file run38.txt (compact mmCIF, C-alpha atoms)
# COMPACT_ATOMS: atom_id res chain seq x y z
CA GLY P 1 0.00 0.00 0.00
CA SER P 2 0.92 3.67 0.15
CA ILE P 3 2.89 3.19 3.37
CA GLY P 4 5.24 0.65 1.78
CA SER P 5 4.50 -1.87 4.54
CA SER P 6 6.36 0.38 6.97
CA LEU P 7 5.06 1.76 10.25
CA GLY P 8 7.81 4.38 10.01
CA VAL P 9 6.36 5.61 6.71
CA LEU P 10 2.90 5.59 8.31
CA ARG P 11 4.18 7.91 11.04
CA GLN P 12 5.86 10.14 8.46
CA MET P 13 2.59 10.45 6.55
CA HIS P 14 0.83 11.38 9.78
CA ALA P 15 3.48 14.02 10.46
CA LEU P 16 2.83 15.45 6.99
CA GLY P 17 -0.89 15.79 7.78
CA ALA P 18 -2.53 12.51 6.72
CA ARG P 19 -5.36 11.75 9.12
CA TYR P 20 -6.89 8.59 7.71
CA LEU P 21 -5.80 5.56 5.71
CA THR P 22 -7.97 3.17 3.68
CA LEU P 23 -6.54 -0.27 4.45
CA ALA P 24 -6.94 -1.63 0.89
CA HIS P 25 -8.35 -0.48 -2.46
CA TYR P 26 -9.31 -2.66 -5.44
CA LYS P 27 -6.38 -5.04 -4.94
CA THR P 28 -5.48 -7.20 -1.95
CA ILE P 29 -2.12 -6.12 -0.56
CA GLY P 30 0.45 -7.94 1.55
CA TRP P 31 -1.37 -7.31 4.80
CA ALA P 32 -5.04 -6.42 4.04
CA ASP P 33 -7.72 -7.98 1.81
CA SER P 34 -9.79 -6.01 -0.70
CA SER P 35 -13.53 -6.48 -1.25
CA ASN P 36 -12.83 -6.76 -4.99
CA ASP P 37 -9.96 -9.25 -4.96
CA GLU P 38 -9.02 -12.68 -3.66
CA PRO P 39 -8.40 -12.75 0.11
CA ARG P 40 -4.90 -13.74 1.17
CA ASN P 41 -4.55 -12.48 4.73
CA HIS P 42 -7.58 -13.93 6.58
CA GLY P 43 -8.64 -10.28 6.76
CA LEU P 44 -5.49 -8.78 8.22
CA SER P 45 -2.05 -10.27 8.63
CA ASP P 46 -0.26 -9.84 11.96
CA PHE P 47 1.44 -6.79 10.44
CA GLY P 48 -1.95 -5.45 9.29
CA LYS P 49 -3.21 -5.63 12.86
CA GLN P 50 -0.15 -3.67 13.95
CA VAL P 51 -0.98 -1.04 11.33
CA VAL P 52 -4.44 -0.59 12.86
CA ARG P 53 -2.99 -0.38 16.37
CA GLU P 54 -0.35 2.15 15.34
CA MET P 55 -2.83 4.28 13.39
CA GLN P 56 -5.01 4.56 16.44
CA ARG P 57 -2.05 5.23 18.74
CA ILE P 58 -1.03 8.26 16.67
CA GLY P 59 -4.59 9.44 15.94
CA MET P 60 -5.20 8.35 12.33
CA LEU P 61 -8.65 7.13 11.40
CA VAL P 62 -8.97 3.57 10.13
CA ASP P 63 -11.05 3.53 6.92
CA LEU P 64 -12.64 0.16 6.10
CA SER P 65 -14.24 1.06 2.75
CA HIS P 66 -12.94 -1.18 -0.07
CA THR P 67 -11.94 -3.92 2.39
CA SER P 68 -13.26 -7.47 2.56
CA GLU P 69 -15.67 -8.57 5.27
CA GLY P 70 -12.77 -10.48 6.84
CA THR P 71 -10.66 -7.32 6.97
CA MET P 72 -13.56 -5.37 8.44
CA MET P 73 -13.95 -7.97 11.18
CA ALA P 74 -10.21 -8.25 11.86
CA ALA P 75 -9.87 -4.48 12.16
CA LEU P 76 -12.79 -4.35 14.59
CA ASP P 77 -11.14 -7.12 16.62
CA VAL P 78 -8.12 -4.85 17.10
CA ALA P 79 -9.66 -1.37 17.20
CA GLN P 80 -9.85 0.43 20.52
CA ALA P 81 -11.20 3.67 19.03
CA PRO P 82 -13.98 4.28 16.48
CA VAL P 83 -13.29 3.36 12.84
CA PHE P 84 -15.24 4.48 9.79
CA PHE P 85 -16.32 3.60 6.26
CA SER P 86 -15.55 6.66 4.13
CA HIS P 87 -17.84 5.62 1.22
CA SER P 88 -19.86 2.40 1.56
CA GLY P 89 -23.52 1.41 1.57
CA ALA P 90 -25.59 -1.28 3.30
CA ARG P 91 -25.20 -4.76 1.81
CA ALA P 92 -28.71 -5.70 2.94
CA VAL P 93 -30.04 -3.08 0.49
CA ASP P 94 -27.54 -3.73 -2.33
CA GLY P 95 -25.48 -6.92 -2.22
CA HIS P 96 -22.31 -5.49 -3.77
CA PRO P 97 -19.19 -6.53 -1.80
CA ARG P 98 -18.25 -2.84 -1.49
CA ASN P 99 -21.14 -2.48 0.92
CA VAL P 100 -21.22 -3.32 4.64
CA PRO P 101 -22.88 -6.54 5.87
CA ASP P 102 -25.25 -6.45 8.83
CA ALA P 103 -22.87 -8.49 10.97
CA VAL P 104 -20.26 -5.78 10.56
CA LEU P 105 -22.80 -3.01 11.18
CA ASP P 106 -23.70 -4.64 14.49
CA ARG P 107 -20.06 -4.60 15.58
CA LEU P 108 -19.61 -1.05 14.31
CA LYS P 109 -22.25 0.16 16.74
CA ALA P 110 -20.30 -1.28 19.66
CA ASN P 111 -17.12 0.29 18.24
CA GLY P 112 -18.76 3.72 17.93
CA GLY P 113 -17.83 4.09 14.26
CA ILE P 114 -19.86 5.27 11.27
CA VAL P 115 -20.79 4.33 7.71
CA MET P 116 -20.58 7.21 5.21
CA VAL P 117 -23.20 6.20 2.63
CA ASN P 118 -21.90 5.97 -0.95
CA SER P 119 -23.80 7.19 -4.04
CA VAL P 120 -22.15 5.12 -6.80
CA ASP P 121 -25.20 3.93 -8.71
CA TYR P 122 -24.59 0.17 -8.76
CA PHE P 123 -23.67 0.17 -5.05
CA VAL P 124 -27.02 1.89 -4.40
CA SER P 125 -29.44 -0.02 -6.66
CA GLU P 126 -29.62 -3.81 -6.44
CA ASP P 127 -31.63 -3.85 -9.68
CA LEU P 128 -28.79 -2.04 -11.45
CA ARG P 129 -26.19 -4.34 -9.92
CA GLN P 130 -28.09 -7.37 -11.23
CA TRP P 131 -28.51 -5.73 -14.65
CA ARG P 132 -24.76 -5.14 -14.90
CA ALA P 133 -24.13 -8.80 -14.04
CA ALA P 134 -26.66 -9.94 -16.66
CA ARG P 135 -25.09 -7.66 -19.28
CA ALA P 136 -21.62 -9.01 -18.52
CA GLY P 137 -22.95 -12.54 -18.85
CA GLU P 138 -24.63 -11.75 -22.16
CA GLU P 139 -21.47 -10.13 -23.50
CA ALA P 140 -19.45 -13.22 -22.59
CA ARG P 141 -22.06 -15.45 -24.26
CA LEU P 142 -22.04 -13.38 -27.44
CA LYS P 143 -18.26 -13.52 -27.68
CA VAL P 144 -18.50 -17.32 -27.66
CA VAL P 145 -21.45 -17.42 -30.06
CA HIS P 146 -19.67 -15.11 -32.50
CA THR P 147 -16.19 -16.58 -32.19
CA GLY P 148 -14.19 -15.41 -35.19
CA TYR P 149 -16.64 -12.55 -35.88
CA PRO P 150 -15.96 -9.96 -33.15
CA ASP P 151 -17.66 -7.21 -35.16
CA ARG P 152 -20.99 -8.97 -34.55
CA VAL P 153 -20.75 -8.73 -30.75
CA LYS P 154 -21.45 -5.02 -30.29
CA PRO P 155 -24.60 -4.86 -32.44
CA ALA P 156 -25.96 -7.94 -30.67
CA LEU P 157 -25.16 -6.47 -27.26
CA ASP P 158 -26.77 -3.17 -28.28
CA ALA P 159 -29.91 -5.12 -29.21
CA TRP P 160 -29.88 -6.85 -25.82
CA GLU P 161 -29.59 -3.49 -24.06
CA ALA P 162 -32.48 -2.12 -26.10
CA ALA P 163 -34.61 -5.07 -24.96
CA HIS P 164 -33.38 -4.80 -21.37
CA PRO P 165 -33.28 -1.10 -20.39
CA GLN P 166 -30.75 -0.18 -17.73
CA PRO P 167 -32.40 0.50 -14.35
CA LYS P 168 -31.77 3.85 -12.68
CA ALA P 169 -30.43 4.35 -9.18
CA THR P 170 -32.75 6.73 -7.35
CA LEU P 171 -32.51 9.19 -4.51
CA SER P 172 -35.11 7.10 -2.68
CA GLN P 173 -32.84 4.04 -2.92
CA LEU P 174 -29.94 6.08 -1.54
CA ALA P 175 -32.14 7.09 1.38
CA ASP P 176 -32.95 3.39 1.86
CA HIS P 177 -29.27 2.79 2.68
CA VAL P 178 -29.35 5.51 5.33
CA ASP P 179 -32.61 4.07 6.66
CA HIS P 180 -31.17 0.58 6.93
CA VAL P 181 -28.09 1.67 8.88
CA VAL P 182 -30.23 3.82 11.20
CA LYS P 183 -32.78 1.05 11.82
CA ARG P 184 -30.02 -1.50 12.37
CA ILE P 185 -27.60 0.45 14.60
CA GLY P 186 -28.91 3.99 15.12
CA ILE P 187 -28.68 7.57 13.85
CA ASP P 188 -25.29 8.11 15.55
CA ASN P 189 -23.55 5.69 13.18
CA VAL P 190 -24.22 7.10 9.70
CA GLY P 191 -22.98 9.90 7.45
CA VAL P 192 -22.71 10.76 3.75
CA GLY P 193 -19.63 9.84 1.70
CA ALA P 194 -20.86 10.26 -1.84
CA ASP P 195 -17.65 9.46 -3.78
CA PHE P 196 -18.54 11.87 -6.58
CA ASP P 197 -14.96 11.90 -7.86
CA GLY P 198 -15.02 8.12 -8.18
CA GLY P 199 -18.51 7.43 -9.45
CA GLY P 200 -22.03 8.74 -9.00
CA GLY P 201 -25.04 8.10 -11.21
CA VAL P 202 -27.87 8.43 -8.69
CA GLU P 203 -30.72 10.44 -10.19
CA HIS P 204 -31.02 13.98 -8.79
CA PHE P 205 -27.81 13.52 -6.78
CA ALA P 206 -24.97 14.64 -9.03
CA SER P 207 -22.85 16.84 -6.73
CA VAL P 208 -22.61 18.19 -3.21
CA ALA P 209 -25.09 20.87 -4.32
CA ASP P 210 -27.69 18.07 -4.25
CA TYR P 211 -27.12 17.07 -0.62
CA PRO P 212 -30.23 19.04 0.41
CA ALA P 213 -32.30 16.79 -1.86
CA LEU P 214 -31.24 13.77 0.22
CA PHE P 215 -31.99 15.62 3.44
CA VAL P 216 -35.44 16.59 2.13
CA GLU P 217 -36.16 12.92 1.30
CA LEU P 218 -35.05 11.87 4.78
CA ALA P 219 -37.08 14.65 6.41
CA ARG P 220 -40.12 13.30 4.55
CA ARG P 221 -39.37 9.96 6.19
CA GLY P 222 -39.44 11.50 9.65
CA TYR P 223 -35.81 12.46 10.30
CA SER P 224 -35.53 15.47 12.61
CA GLN P 225 -33.30 18.52 12.26
CA ALA P 226 -31.00 17.02 14.91
CA ASP P 227 -30.89 13.72 12.99
CA LEU P 228 -29.91 15.48 9.76
CA GLU P 229 -27.21 17.49 11.54
CA LYS P 230 -25.72 14.24 12.81
CA LEU P 231 -25.84 12.79 9.31
CA ALA P 232 -24.31 15.90 7.73
CA SER P 233 -21.36 16.40 10.09
CA ARG P 234 -21.81 15.80 13.78
CA ASN P 235 -21.28 12.02 13.64
CA MET P 236 -18.07 12.39 11.64
CA LEU P 237 -16.77 15.08 14.00
CA ARG P 238 -17.52 12.81 16.97
CA VAL P 239 -15.49 9.99 15.42
CA MET P 240 -12.59 12.34 14.67
CA ARG P 241 -12.62 13.65 18.24
CA ALA P 242 -12.74 10.12 19.62
CA ALA P 243 -9.69 9.15 17.55
CA GLU P 244 -7.81 12.20 18.79
CA ALA P 245 -8.83 11.55 22.40
CA TYR P 246 -7.62 7.94 22.18
CA ALA P 247 -4.29 9.11 20.77
CA ALA P 248 -3.94 11.75 23.50
CA ALA P 249 -4.55 9.11 26.17
CA HIS P 250 -1.85 6.89 24.62
CA ARG P 251 0.73 9.56 23.84
CA ALA P 252 3.20 7.96 26.23
CA ASP P 253 2.91 4.53 24.58
CA PRO P 254 6.07 3.60 22.65
CA PRO P 255 5.82 3.42 18.82
CA ILE P 256 5.04 -0.02 17.46
CA GLU P 257 7.93 -1.40 15.43
CA SER P 258 7.95 -4.31 13.01
CA PRO P 259 11.03 -5.81 11.37
CA THR P 260 8.90 -7.61 8.80
CA VAL P 261 9.71 -6.71 5.19
CA PHE P 262 7.33 -7.57 2.34

call {"tool": "encode", "arguments": {"input": "run38.txt", "output": "structure tokens"}}
result
Amino acid sequence: GSIGSSLGVLRQMHALGARYLTLAHYKTIGWADSSNDEPRNHGLSDFGKQVVREMQRIGMLVDLSHTSEGTMMAALDVAQAPVFFSHSGARAVDGHPRNVPDAVLDRLKANGGIVMVNSVDYFVSEDLRQWRAARAGEEARLKVVHTGYPDRVKPALDAWEAAHPQPKATLSQLADHVDHVVKRIGIDNVGVGADFDGGGGVEHFASVADYPALFVELARRGYSQADLEKLASRNMLRVMRAAEAYAAAHRADPPIESPTVF
């Protein structure tokens, strides 16, 4: 990862101003498993657990978005301060592995962390996720059917798409993710982490200028002004303060060192 499997580099990044680290991205690394790759570390290796411990000792937030369920669980086994998901939805609403399973949500409540709900369309809409899988399957089938004639694949796939219109991800579905987290573990454990730079596609939710549209939808569902303030910022600020308070209480702890080289 970006720290070069070095706790010394981790501390240097913190000294330069970095205040959170996502444990893995789209590829599994030497010490943490990605949600989009083959697991190799049973969640976290021994060194990966040391990374989580050292991050919390110095006051860096542990971000579990993009990690496998095993990594989520392993990090929660180690964490002594709240962790967070910077941009992930609820897997009970949309089954994509980038989203958070209920078993992890339950443990997140005890940890005091939060899920920042993502607005990438196929993480939001299960119908769209299934459509994308069906399209990929049809494309693979067509490539076999038209072996030796690749120019026939695109027109056939276009015809399939015309017969199977792509579903839209809606603002209501995005609110469903917030609802699920709140009903499962409470209003104190949710935020908004739209990931506009990395995706998007939810109708009527194209930029931060559209955040009020989500809050209006949630207000219609009975969320109070205080609830929406927690969602907008107060929950995230609480997690940041908790991380800093934990680090302040452990300032005298010696740095964790690891001779392991990957």

call {"tool": "closest_residue", "arguments": {"input": "run38.txt", "among": "P:Arg241, P:His66, P:Arg19, P:Lys109", "to": "Ser35 (chain P)", "atoms": "only C-alpha atoms"}}
result
P:His66

call {"tool": "closest_residue", "arguments": {"input": "run38.txt", "among": "P:Asp102, P:Glu139, P:Glu203, P:Asp158", "to": "Ser125 (chain P)", "atoms": "all atoms listed in the file"}}
result
P:Glu203

call {"tool": "atom_distance", "arguments": {"input": "run38.txt", "atom1": "CA of Leu61 (chain P)", "atom2": "CA of Thr28 (chain P)"}}
result
19.8 Å

call {"tool": "closest_residue", "arguments": {"input": "run38.txt", "among": "P:Ser34, P:Ala18, P:Ala232, P:Val62", "to": "Pro212 (chain P)", "atoms": "only C-alpha atoms"}}
result
P:Ala232

call {"tool": "atom_distance", "arguments": {"input": "run38.txt", "atom1": "CA of Ala206 (chain P)", "atom2": "CA of Arg91 (chain P)"}}
result
22.2 Å

call {"tool": "residues_around", "arguments": {"input": "run38.txt", "residues": "Leu174 (chain P)", "least_positions_apart": "6", "cutoff": "9 Å", "atoms": "only C-alpha atoms", "output": "list in words"}}
result
Gly89, Val117, Asn118, Ser119, Asp121, Val124, Ser125, Val202 and Leu214 of chain P

call {"tool": "closest_residue", "arguments": {"input": "run38.txt", "among": "P:Arg107, P:Ala156, P:Ala194, P:Asp37", "to": "Ser88 (chain P)", "atoms": "only C-alpha atoms"}}
result
P:Ala194

call {"tool": "closest_residue", "arguments": {"input": "run38.txt", "among": "P:Val120, P:Val83, P:Leu142, P:Leu171", "to": "Pro155 (chain P)", "atoms": "only C-alpha atoms"}}
result
P:Leu142

call {"tool": "closest_residue", "arguments": {"input": "run38.txt", "among": "P:Gly95, P:Pro82, P:Gly4, P:Gly30", "to": "Val52 (chain P)", "atoms": "all atoms listed in the file"}}
result
P:Pro82

call {"tool": "residues_around", "arguments": {"input": "run38.txt", "residues": "Ala92 (chain P)", "least_positions_apart": "4", "cutoff": "10 Å", "atoms": "all atoms listed in the file", "output": "short mmCIF file (atom, residue, chain, number, x, y, z; two decimals) with C-alpha atoms, in the coordinates of the input"}}
result
data_model
loop_
_atom_site.label_atom_id
_atom_site.label_comp_id
_atom_site.auth_asym_id
_atom_site.auth_seq_id
_atom_site.Cartn_x
_atom_site.Cartn_y
_atom_site.Cartn_z
CA HIS P 96 -22.31 -5.49 -3.77
CA ASN P 99 -21.14 -2.48 0.92
CA VAL P 100 -21.22 -3.32 4.64
CA PRO P 101 -22.88 -6.54 5.87
CA ASP P 102 -25.25 -6.45 8.83
CA GLU P 126 -29.62 -3.81 -6.44
CA HIS P 177 -29.27 2.79 2.68
CA HIS P 180 -31.17 0.58 6.93
CA VAL P 181 -28.09 1.67 8.88
#

call {"tool": "atom_distance", "arguments": {"input": "run38.txt", "atom1": "CA of Leu128 (chain P)", "atom2": "CA of Glu38 (chain P)"}}
result
23.8 Å

call {"tool": "residues_around", "arguments": {"input": "run38.txt", "residues": "Asn189 (chain P)", "least_positions_apart": "3", "cutoff": "8 Å", "atoms": "only C-alpha atoms", "output": "list in words"}}
result
Leu108, Lys109, Gly112, Gly113, Ile114, Val115, Val181, Val182, Ile185, Gly186 and Asn235 of chain P

call {"tool": "residues_around", "arguments": {"input": "run38.txt", "residues": "Met60 (chain P)", "least_positions_apart": "3", "cutoff": "12 Å", "atoms": "all atoms listed in the file", "output": "CSV table (one decimal) with C-alpha atoms, in the coordinates of the input"}}
result
chain,number,residue,atom,x,y,z
P,10,LEU,CA,2.9,5.6,8.3
P,11,ARG,CA,4.2,7.9,11.0
P,12,GLN,CA,5.9,10.1,8.5
P,13,MET,CA,2.6,10.4,6.6
P,14,HIS,CA,0.8,11.4,9.8
P,15,ALA,CA,3.5,14.0,10.5
P,16,LEU,CA,2.8,15.4,7.0
P,17,GLY,CA,-0.9,15.8,7.8
P,18,ALA,CA,-2.5,12.5,6.7
P,19,ARG,CA,-5.4,11.8,9.1
P,20,TYR,CA,-6.9,8.6,7.7
P,21,LEU,CA,-5.8,5.6,5.7
P,22,THR,CA,-8.0,3.2,3.7
P,23,LEU,CA,-6.5,-0.3,4.4
P,51,VAL,CA,-1.0,-1.0,11.3
P,52,VAL,CA,-4.4,-0.6,12.9
P,53,ARG,CA,-3.0,-0.4,16.4
P,54,GLU,CA,-0.4,2.2,15.3
P,55,MET,CA,-2.8,4.3,13.4
P,56,GLN,CA,-5.0,4.6,16.4
P,57,ARG,CA,-2.0,5.2,18.7
P,63,ASP,CA,-11.0,3.5,6.9
P,79,ALA,CA,-9.7,-1.4,17.2
P,81,ALA,CA,-11.2,3.7,19.0
P,82,PRO,CA,-14.0,4.3,16.5
P,83,VAL,CA,-13.3,3.4,12.8
P,84,PHE,CA,-15.2,4.5,9.8
P,239,VAL,CA,-15.5,10.0,15.4
P,240,MET,CA,-12.6,12.3,14.7
P,241,ARG,CA,-12.6,13.6,18.2
P,242,ALA,CA,-12.7,10.1,19.6
P,243,ALA,CA,-9.7,9.2,17.6
P,244,GLU,CA,-7.8,12.2,18.8
P,245,ALA,CA,-8.8,11.6,22.4
P,246,TYR,CA,-7.6,7.9,22.2
P,247,ALA,CA,-4.3,9.1,20.8
P,248,ALA,CA,-3.9,11.8,23.5

call {"tool": "residues_near_point", "arguments": {"input": "run38.txt", "point": "(-27.1, 18.9, 10.1)", "cutoff": "12 Å", "atoms": "all atoms listed in the file", "output": "PyMOL selection string"}}
result
chain P and resi 191-192+211-212+214-216+218-219+223-237

call {"tool": "residues_around", "arguments": {"input": "run38.txt", "residues": "Gly43 (chain P)", "least_positions_apart": "3", "cutoff": "6 Å", "atoms": "all atoms listed in the file", "output": "VMD selection string"}}
result
chain P and resid 32 to 33 70 to 71 74
